>>> print(open('protein_31.tsv').read())   # TSV, C-alpha atoms
chain	number	residue	atom	x	y	z
A	1	ASP	CA	30.16	-25.02	19.44
A	2	THR	CA	27.16	-23.41	17.74
A	3	GLU	CA	26.25	-26.34	15.55
A	4	VAL	CA	23.20	-28.48	15.19
A	5	THR	CA	24.20	-31.72	13.51
A	6	GLN	CA	21.70	-33.82	11.60
A	7	THR	CA	22.15	-37.30	10.18
A	8	PRO	CA	21.68	-38.64	7.64
A	9	LYS	CA	21.86	-35.79	5.13
A	10	HIS	CA	19.93	-37.81	2.56
A	11	LEU	CA	17.57	-40.74	3.05
A	12	VAL	CA	15.59	-42.77	0.53
A	13	MET	CA	13.04	-45.18	1.94
A	14	GLY	CA	10.16	-47.31	0.83
A	15	MET	CA	6.70	-47.01	2.27
A	16	THR	CA	7.15	-50.11	4.43
A	17	ASN	CA	10.57	-49.17	5.85
A	18	LYS	CA	11.38	-47.98	9.34
A	19	LYS	CA	14.12	-45.39	9.62
A	20	SER	CA	15.21	-42.64	12.00
A	21	LEU	CA	16.52	-39.10	11.65
A	22	LYS	CA	18.95	-37.91	14.30
A	23	CYS	CA	19.81	-34.46	15.62
A	24	GLU	CA	22.45	-33.39	18.12
A	25	GLN	CA	23.44	-30.07	19.72
A	26	HIS	CA	25.89	-29.19	22.47
A	27	MET	CA	24.94	-25.55	23.08
A	28	GLY	CA	23.02	-26.34	26.27
A	29	HIS	CA	19.72	-25.50	24.56
A	30	ARG	CA	16.76	-27.07	26.28
A	31	ALA	CA	14.26	-26.50	23.45
A	32	MET	CA	14.55	-28.66	20.34
A	33	TYR	CA	12.34	-28.66	17.28
A	34	TRP	CA	11.47	-30.72	14.23
A	35	TYR	CA	10.34	-28.81	11.17
A	36	LYS	CA	9.25	-30.10	7.76
A	37	GLN	CA	10.00	-28.00	4.70
A	38	LYS	CA	8.65	-28.49	1.19
A	39	ALA	CA	10.28	-26.83	-1.80
A	40	LYS	CA	9.87	-23.05	-1.90
A	41	LYS	CA	7.84	-23.03	1.33
A	42	PRO	CA	8.72	-21.86	4.83
A	43	PRO	CA	9.38	-24.47	7.52
A	44	GLU	CA	6.30	-26.07	9.11
A	45	LEU	CA	6.53	-26.93	12.78
A	46	MET	CA	6.06	-30.59	13.65
A	47	PHE	CA	7.20	-31.00	17.26
A	48	VAL	CA	8.78	-29.03	20.07
A	49	TYR	CA	10.58	-30.54	23.05
A	50	SER	CA	11.18	-28.39	26.09
A	51	TYR	CA	13.35	-29.82	28.87
A	52	GLU	CA	13.16	-33.21	27.12
A	53	LYS	CA	9.37	-33.25	27.28
A	54	LEU	CA	7.10	-32.96	24.27
A	55	SER	CA	5.47	-29.55	24.55
A	56	ILE	CA	4.02	-29.00	21.09
A	57	ASN	CA	2.72	-31.58	18.60
A	58	GLU	CA	1.23	-29.87	15.57
A	59	SER	CA	-1.23	-32.69	14.79
A	60	VAL	CA	1.46	-34.68	13.05
A	61	PRO	CA	0.43	-38.17	11.79
A	62	SER	CA	1.51	-41.04	14.03
A	63	ARG	CA	3.80	-42.39	11.32
A	64	PHE	CA	6.20	-39.72	12.63
A	65	SER	CA	7.33	-40.45	16.17
A	66	PRO	CA	9.68	-38.05	17.97
A	67	GLU	CA	11.98	-38.98	20.81
A	68	CYS	CA	14.25	-36.89	23.02
A	69	PRO	CA	16.60	-39.29	24.86
A	70	ASN	CA	18.52	-36.49	26.57
A	71	SER	CA	19.07	-32.75	26.44
A	72	SER	CA	21.47	-32.99	23.48
A	73	LEU	CA	19.71	-35.48	21.24
A	74	LEU	CA	16.49	-35.48	19.27
A	75	ASN	CA	15.29	-38.30	17.04
A	76	LEU	CA	12.47	-38.61	14.57
A	77	HIS	CA	11.36	-42.17	13.92
A	78	LEU	CA	9.72	-42.82	10.58
A	79	HIS	CA	7.42	-45.72	9.74
A	80	ALA	CA	4.99	-46.43	6.91
A	81	LEU	CA	5.53	-43.04	5.29
A	82	GLN	CA	3.78	-41.83	2.18
A	83	PRO	CA	5.39	-40.29	-0.93
A	84	GLU	CA	3.92	-36.91	0.07
A	85	ASP	CA	6.10	-37.04	3.19
A	86	SER	CA	9.14	-36.46	0.97
A	87	ALA	CA	10.65	-33.17	2.16
A	88	LEU	CA	13.57	-31.56	3.94
A	89	TYR	CA	13.37	-32.27	7.67
A	90	LEU	CA	15.04	-29.62	9.77
A	91	CYS	CA	16.06	-29.85	13.39
A	92	ALA	CA	16.54	-26.68	15.40
A	93	SER	CA	17.35	-25.70	18.95
A	94	SER	CA	17.04	-22.62	21.13
A	95	GLN	CA	17.08	-21.49	24.70
A	96	VAL	CA	13.90	-21.93	26.71
A	97	GLY	CA	12.31	-19.01	28.44
A	98	GLY	CA	9.73	-16.29	28.17
A	99	ARG	CA	11.44	-14.67	25.22
A	100	GLY	CA	12.83	-17.88	23.79
A	101	GLY	CA	16.06	-17.34	21.95
A	102	GLU	CA	17.90	-17.40	18.68
A	103	LEU	CA	16.98	-20.42	16.60
A	104	PHE	CA	19.86	-22.58	15.42
A	105	PHE	CA	19.10	-24.96	12.55
A	106	GLY	CA	20.84	-28.04	11.28
A	107	GLU	CA	21.55	-28.57	7.58
A	108	GLY	CA	18.53	-30.83	7.30
A	109	SER	CA	17.83	-34.40	6.27
A	110	ARG	CA	16.41	-34.67	2.77
A	111	LEU	CA	13.93	-37.51	2.75
A	112	THR	CA	12.57	-39.24	-0.34
A	113	VAL	CA	9.78	-41.78	0.08
A	114	LEU	CA	9.31	-44.11	-2.86
B	1	LYS	CA	-3.82	-14.14	6.57
B	2	ASN	CA	-0.37	-15.17	7.87
B	3	GLU	CA	0.81	-13.84	11.18
B	4	VAL	CA	4.01	-12.74	9.42
B	5	GLU	CA	4.00	-11.21	5.94
B	6	GLN	CA	7.06	-10.49	3.81
B	7	SER	CA	7.60	-8.45	0.69
B	8	PRO	CA	8.66	-8.73	-1.98
B	9	GLN	CA	8.24	-12.44	-2.65
B	10	ASN	CA	10.97	-12.40	-5.28
B	11	LEU	CA	13.72	-9.88	-5.87
B	12	THR	CA	16.40	-9.61	-8.54
B	13	ALA	CA	19.20	-7.09	-8.18
B	14	GLN	CA	22.43	-6.13	-9.91
B	15	GLU	CA	25.63	-6.68	-7.99
B	16	GLY	CA	26.37	-3.65	-5.84
B	17	GLU	CA	22.77	-2.55	-5.38
B	18	PHE	CA	21.23	-1.71	-2.01
B	19	ILE	CA	18.48	-4.20	-1.14
B	20	THR	CA	15.58	-3.95	1.28
B	21	ILE	CA	13.27	-6.76	2.34
B	22	ASN	CA	10.24	-5.91	4.46
B	23	CYS	CA	8.40	-7.86	7.13
B	24	SER	CA	5.16	-7.06	8.93
B	25	TYR	CA	3.62	-9.06	11.73
B	26	SER	CA	0.19	-9.08	13.29
B	27	VAL	CA	0.80	-11.04	16.50
B	28	GLY	CA	2.54	-10.11	19.71
B	29	ILE	CA	6.10	-11.34	19.60
B	30	SER	CA	9.08	-11.35	21.93
B	31	ALA	CA	11.64	-11.08	19.15
B	32	LEU	CA	11.96	-10.85	15.39
B	33	HIS	CA	14.37	-13.09	13.50
B	34	TRP	CA	15.91	-12.83	10.07
B	35	LEU	CA	17.03	-16.15	8.61
B	36	GLN	CA	18.90	-17.05	5.43
B	37	GLN	CA	18.57	-20.24	3.42
B	38	HIS	CA	20.75	-21.02	0.41
B	39	PRO	CA	19.32	-23.37	-2.25
B	40	GLY	CA	19.17	-26.94	-0.97
B	41	GLY	CA	20.72	-25.90	2.31
B	42	GLY	CA	19.95	-25.46	5.97
B	43	ILE	CA	18.81	-22.24	7.57
B	44	VAL	CA	21.17	-19.77	9.20
B	45	SER	CA	20.12	-17.18	11.75
B	46	LEU	CA	21.24	-13.70	10.69
B	47	PHE	CA	19.66	-11.52	13.36
B	48	MET	CA	17.45	-11.73	16.40
B	49	LEU	CA	16.16	-8.35	17.52
B	50	SER	CA	13.49	-6.98	19.79
B	51	SER	CA	14.13	-3.25	19.32
B	52	GLY	CA	16.16	-0.77	17.31
B	53	LYS	CA	18.76	-1.82	14.82
B	54	LYS	CA	21.54	-4.38	14.43
B	55	LYS	CA	24.38	-4.50	11.92
B	56	HIS	CA	26.60	-7.36	10.84
B	57	GLY	CA	28.96	-6.68	7.98
B	58	ARG	CA	26.88	-5.57	5.00
B	59	LEU	CA	23.61	-6.60	6.62
B	60	ILE	CA	21.43	-4.30	8.70
B	61	ALA	CA	18.18	-5.22	10.42
B	62	THR	CA	15.74	-2.75	11.92
B	63	ILE	CA	12.50	-3.14	13.82
B	64	ASN	CA	9.71	-0.73	14.69
B	65	ILE	CA	7.72	-2.25	17.53
B	66	GLN	CA	4.87	0.25	17.37
B	67	GLU	CA	4.32	-0.34	13.66
B	68	LYS	CA	5.05	-4.09	13.91
B	69	HIS	CA	7.44	-3.84	11.02
B	70	SER	CA	11.01	-4.92	10.35
B	71	SER	CA	13.37	-4.47	7.45
B	72	LEU	CA	16.49	-6.29	6.33
B	73	HIS	CA	18.93	-4.23	4.29
B	74	ILE	CA	21.88	-5.53	2.30
B	75	THR	CA	24.44	-2.96	1.20
B	76	ALA	CA	26.73	-3.54	-1.79
B	77	SER	CA	24.95	-6.75	-2.72
B	78	HIS	CA	26.98	-9.66	-4.07
B	79	PRO	CA	25.99	-12.82	-5.98
B	80	ARG	CA	26.77	-14.89	-2.86
B	81	ASP	CA	23.90	-13.06	-1.14
B	82	SER	CA	21.52	-14.95	-3.45
B	83	ALA	CA	19.33	-16.96	-1.10
B	84	VAL	CA	15.88	-17.05	0.48
B	85	TYR	CA	15.50	-14.64	3.39
B	86	ILE	CA	12.89	-15.58	5.97
B	87	CYS	CA	11.42	-13.34	8.62
B	88	ALA	CA	10.08	-15.00	11.78
B	89	GLY	CA	8.63	-13.81	15.05
B	90	ASN	CA	8.55	-15.77	18.26
B	91	THR	CA	6.84	-15.85	21.62
B	92	GLY	CA	8.70	-18.36	23.75
B	93	ASN	CA	9.12	-21.50	21.70
B	94	GLN	CA	6.35	-20.68	19.22
B	95	PHE	CA	7.76	-19.32	15.98
B	96	TYR	CA	5.75	-17.71	13.18
B	97	PHE	CA	7.45	-17.77	9.79
B	98	GLY	CA	6.97	-15.51	6.81
B	99	THR	CA	6.84	-17.11	3.37
B	100	GLY	CA	10.32	-15.93	2.47
B	101	THR	CA	11.87	-13.58	-0.09
B	102	SER	CA	13.89	-15.19	-2.84
B	103	LEU	CA	16.81	-12.90	-3.70
B	104	THR	CA	18.93	-13.27	-6.83
B	105	VAL	CA	21.93	-10.98	-7.26
B	106	ILE	CA	23.23	-10.88	-10.82
B	107	PRO	CA	26.95	-10.23	-11.44
>>> encode(input="protein_31.tsv", output="structure tokens")
Amino acid sequence: DTEVTQTPKHLVMGMTNKKSLKCEQHMGHRAMYWYKQKAKKPPELMFVYSYEKLSINESVPSRFSPECPNSSLLNLHLHALQPEDSALYLCASSQVGGRGGELFFGEGSRLTVL
Amino acid sequence: KNEVEQSPQNLTAQEGEFITINCSYSVGISALHWLQQHPGGGIVSLFMLSSGKKKHGRLIATINIQEKHSSLHITASHPRDSAVYICAGNTGNQFYFGTGTSLTVIP
């Protein structure tokens, strides 16, 4: 199984809503990532979890709250978002280690904030 | 200046043409990755390489460590190759992404 599964694929939410994005992998990868991608731009790193602990937080606003309940799951909790937060949110996973490893991406969750 | 630079930014080719996309990086990296993203879609890893050359079907990736340069070649290009190709370098879990090359292959 070389898949990273993200749900939902599409999400529309208002600025006062609370929602969550979910990501799952069963490749035994112990590094998991959240990236944000705007149209025609490369992915921007938001968070990295290594061995279920937050290892990198790229100064992301607190309205985005990541959670890694176990080695296979990664969530991104969303609250009080702004319209400019509309983007494709990509989850990825890789091996941990000095060289890291191949990066496996999910299909993404396309978020629209009204 | 980005840690990873790609060229060209946009590329249009006729079906069957040989295509080259270039990537240069200015930071120390453990490995170089070539990624593919179709419009509206997720990102697929094509290659991860730290030296030499790798081939998969019609795709070939090369890297020159001394010159900090990598190339992605597509032989006998096909319209289904139309996508954005992204070069990325990593050290551990830190990835540096290029801005991507948008390829359109015309039938």
>>> residues_around(input="protein_31.tsv", residues="Leu11 (chain B)", least_positions_apart="6", cutoff="7 Å", atoms="only C-alpha atoms", output="list of chain:residue names")
B:Ser102, B:Leu103, B:Thr104
>>> closest_atom_pairs(input="protein_31.tsv", of="chain A", to="chain B", cutoff="12 Å", atoms="all atoms listed in the file", output="JSON lines")
{"residue": "A:Thr2", "atom": "CA", "partner": "B:Val44", "partner_atom": "CA", "distance": 11.0}
{"residue": "A:Glu3", "atom": "CA", "partner": "B:Val44", "partner_atom": "CA", "distance": 10.5}
{"residue": "A:Val4", "atom": "CA", "partner": "B:Gly42", "partner_atom": "CA", "distance": 10.2}
{"residue": "A:Thr5", "atom": "CA", "partner": "B:Gly42", "partner_atom": "CA", "distance": 10.7}
{"residue": "A:Gln6", "atom": "CA", "partner": "B:Gly42", "partner_atom": "CA", "distance": 10.2}
{"residue": "A:Lys9", "atom": "CA", "partner": "B:Gly41", "partner_atom": "CA", "distance": 10.3}
{"residue": "A:His10", "atom": "CA", "partner": "B:Gly40", "partner_atom": "CA", "distance": 11.5}
{"residue": "A:His29", "atom": "CA", "partner": "B:Asn93", "partner_atom": "CA", "distance": 11.7}
{"residue": "A:Arg30", "atom": "CA", "partner": "B:Asn93", "partner_atom": "CA", "distance": 10.5}
{"residue": "A:Ala31", "atom": "CA", "partner": "B:Asn93", "partner_atom": "CA", "distance": 7.4}
{"residue": "A:Met32", "atom": "CA", "partner": "B:Asn93", "partner_atom": "CA", "distance": 9.1}
{"residue": "A:Tyr33", "atom": "CA", "partner": "B:Asn93", "partner_atom": "CA", "distance": 9.0}
{"residue": "A:Tyr35", "atom": "CA", "partner": "B:Phe95", "partner_atom": "CA", "distance": 10.9}
{"residue": "A:Lys36", "atom": "CA", "partner": "B:Gly42", "partner_atom": "CA", "distance": 11.8}
{"residue": "A:Gln37", "atom": "CA", "partner": "B:Gly42", "partner_atom": "CA", "distance": 10.3}
{"residue": "A:Lys38", "atom": "CA", "partner": "B:Gly40", "partner_atom": "CA", "distance": 10.9}
{"residue": "A:Ala39", "atom": "CA", "partner": "B:Gly40", "partner_atom": "CA", "distance": 8.9}
{"residue": "A:Lys40", "atom": "CA", "partner": "B:Gly100", "partner_atom": "CA", "distance": 8.4}
{"residue": "A:Lys41", "atom": "CA", "partner": "B:Thr99", "partner_atom": "CA", "distance": 6.3}
{"residue": "A:Pro42", "atom": "CA", "partner": "B:Thr99", "partner_atom": "CA", "distance": 5.3}
{"residue": "A:Pro43", "atom": "CA", "partner": "B:Phe97", "partner_atom": "CA", "distance": 7.3}
{"residue": "A:Glu44", "atom": "CA", "partner": "B:Phe97", "partner_atom": "CA", "distance": 8.4}
{"residue": "A:Leu45", "atom": "CA", "partner": "B:Phe95", "partner_atom": "CA", "distance": 8.3}
{"residue": "A:Met46", "atom": "CA", "partner": "B:Gln94", "partner_atom": "CA", "distance": 11.4}
{"residue": "A:Phe47", "atom": "CA", "partner": "B:Gln94", "partner_atom": "CA", "distance": 10.5}
{"residue": "A:Val48", "atom": "CA", "partner": "B:Asn93", "partner_atom": "CA", "distance": 7.7}
{"residue": "A:Tyr49", "atom": "CA", "partner": "B:Asn93", "partner_atom": "CA", "distance": 9.3}
{"residue": "A:Ser50", "atom": "CA", "partner": "B:Asn93", "partner_atom": "CA", "distance": 8.4}
{"residue": "A:Tyr51", "atom": "CA", "partner": "B:Asn93", "partner_atom": "CA", "distance": 11.8}
{"residue": "A:Leu54", "atom": "CA", "partner": "B:Asn93", "partner_atom": "CA", "distance": 11.9}
{"residue": "A:Ser55", "atom": "CA", "partner": "B:Asn93", "partner_atom": "CA", "distance": 9.3}
{"residue": "A:Ile56", "atom": "CA", "partner": "B:Gln94", "partner_atom": "CA", "distance": 8.8}
{"residue": "A:Asn57", "atom": "CA", "partner": "B:Gln94", "partner_atom": "CA", "distance": 11.5}
{"residue": "A:Glu58", "atom": "CA", "partner": "B:Gln94", "partner_atom": "CA", "distance": 11.1}
{"residue": "A:Ala87", "atom": "CA", "partner": "B:Gly40", "partner_atom": "CA", "distance": 11.0}
{"residue": "A:Leu88", "atom": "CA", "partner": "B:Gly40", "partner_atom": "CA", "distance": 8.8}
{"residue": "A:Tyr89", "atom": "CA", "partner": "B:Gly42", "partner_atom": "CA", "distance": 9.6}
{"residue": "A:Leu90", "atom": "CA", "partner": "B:Gly42", "partner_atom": "CA", "distance": 7.5}
{"residue": "A:Cys91", "atom": "CA", "partner": "B:Gly42", "partner_atom": "CA", "distance": 9.5}
{"residue": "A:Ala92", "atom": "CA", "partner": "B:Ile43", "partner_atom": "CA", "distance": 9.3}
{"residue": "A:Ser93", "atom": "CA", "partner": "B:Asn93", "partner_atom": "CA", "distance": 9.6}
{"residue": "A:Ser94", "atom": "CA", "partner": "B:Asn93", "partner_atom": "CA", "distance": 8.0}
{"residue": "A:Gln95", "atom": "CA", "partner": "B:Asn93", "partner_atom": "CA", "distance": 8.5}
{"residue": "A:Val96", "atom": "CA", "partner": "B:Asn93", "partner_atom": "CA", "distance": 6.9}
{"residue": "A:Gly97", "atom": "CA", "partner": "B:Gly92", "partner_atom": "CA", "distance": 6.0}
{"residue": "A:Gly98", "atom": "CA", "partner": "B:Gly92", "partner_atom": "CA", "distance": 5.0}
{"residue": "A:Arg99", "atom": "CA", "partner": "B:Gly92", "partner_atom": "CA", "distance": 4.8}
{"residue": "A:Gly100", "atom": "CA", "partner": "B:Gly92", "partner_atom": "CA", "distance": 4.2}
{"residue": "A:Gly101", "atom": "CA", "partner": "B:Gly92", "partner_atom": "CA", "distance": 7.6}
{"residue": "A:Glu102", "atom": "CA", "partner": "B:Met48", "partner_atom": "CA", "distance": 6.1}
{"residue": "A:Leu103", "atom": "CA", "partner": "B:Ser45", "partner_atom": "CA", "distance": 6.6}
{"residue": "A:Phe104", "atom": "CA", "partner": "B:Ser45", "partner_atom": "CA", "distance": 6.5}
{"residue": "A:Phe105", "atom": "CA", "partner": "B:Ile43", "partner_atom": "CA", "distance": 5.7}
{"residue": "A:Gly106", "atom": "CA", "partner": "B:Gly42", "partner_atom": "CA", "distance": 6.0}
{"residue": "A:Glu107", "atom": "CA", "partner": "B:Gly42", "partner_atom": "CA", "distance": 3.9}
{"residue": "A:Gly108", "atom": "CA", "partner": "B:Gly42", "partner_atom": "CA", "distance": 5.7}
{"residue": "A:Ser109", "atom": "CA", "partner": "B:Gly42", "partner_atom": "CA", "distance": 9.2}
{"residue": "A:Arg110", "atom": "CA", "partner": "B:Gly40", "partner_atom": "CA", "distance": 9.0}
>>> axis_aligned_box(input="protein_31.tsv", around="region 18-34 of chain B", padding_each_side="8 Å", output="lines of an AutoDock Vina configuration file")
center_x = 10.7
center_y = -7.4
center_z = 10.0
size_x = 37.0
size_y = 27.4
size_z = 39.9
>>> atom_distance(input="protein_31.tsv", atom1="CA of Glu5 (chain B)", atom2="CA of Ala61 (chain B)")
16.0 Å
>>> closest_residue(input="protein_31.tsv", among="B:Gly52, B:Gly16, B:Ile65, B:Cys23", to="Arg80 (chain B)", atoms="only C-alpha atoms")
B:Gly16
>>> closest_residue(input="protein_31.tsv", among="B:Val4, B:Ser82, B:Gly89, B:Ser51", to="Ile63 (chain B)", atoms="all atoms listed in the file")
B:Ser51
>>> closest_residue(input="protein_31.tsv", among="B:Asn64, B:Asn2, B:Ser71, B:Ser77", to="Thr20 (chain B)", atoms="only C-alpha atoms")
B:Ser71
>>> atom_distance(input="protein_31.tsv", atom1="CA of Ser26 (chain B)", atom2="CA of Gln66 (chain B)")
11.2 Å
>>> atom_distance(input="protein_31.tsv", atom1="CA of Leu73 (chain A)", atom2="CA of Val60 (chain A)")
20.0 Å
>>> residues_near_point(input="protein_31.tsv", point="(8.2, -46.8, 10.9)", cutoff="10 Å", atoms="only C-alpha atoms", output="mmCIF file with C-alpha atoms, in the frame of the given file")
data_model
loop_
_atom_site.group_PDB
_atom_site.id
_atom_site.type_symbol
_atom_site.label_atom_id
_atom_site.label_comp_id
_atom_site.auth_asym_id
_atom_site.auth_seq_id
_atom_site.Cartn_x
_atom_site.Cartn_y
_atom_site.Cartn_z
ATOM 1 C CA MET A 15 6.700 -47.010 2.270
ATOM 2 C CA THR A 16 7.150 -50.110 4.430
ATOM 3 C CA ASN A 17 10.570 -49.170 5.850
ATOM 4 C CA LYS A 18 11.380 -47.980 9.340
ATOM 5 C CA LYS A 19 14.120 -45.390 9.620
ATOM 6 C CA SER A 20 15.210 -42.640 12.000
ATOM 7 C CA SER A 62 1.510 -41.040 14.030
ATOM 8 C CA ARG A 63 3.800 -42.390 11.320
ATOM 9 C CA PHE A 64 6.200 -39.720 12.630
ATOM 10 C CA SER A 65 7.330 -40.450 16.170
ATOM 11 C CA LEU A 76 12.470 -38.610 14.570
ATOM 12 C CA HIS A 77 11.360 -42.170 13.920
ATOM 13 C CA LEU A 78 9.720 -42.820 10.580
ATOM 14 C CA HIS A 79 7.420 -45.720 9.740
ATOM 15 C CA ALA A 80 4.990 -46.430 6.910
ATOM 16 C CA LEU A 81 5.530 -43.040 5.290
#
>>> residues_near_point(input="protein_31.tsv", point="(23.3, -8.7, -12.9)", cutoff="10 Å", atoms="only C-alpha atoms", output="ChimeraX atom specification")
/B:12-17,78-79,104-107
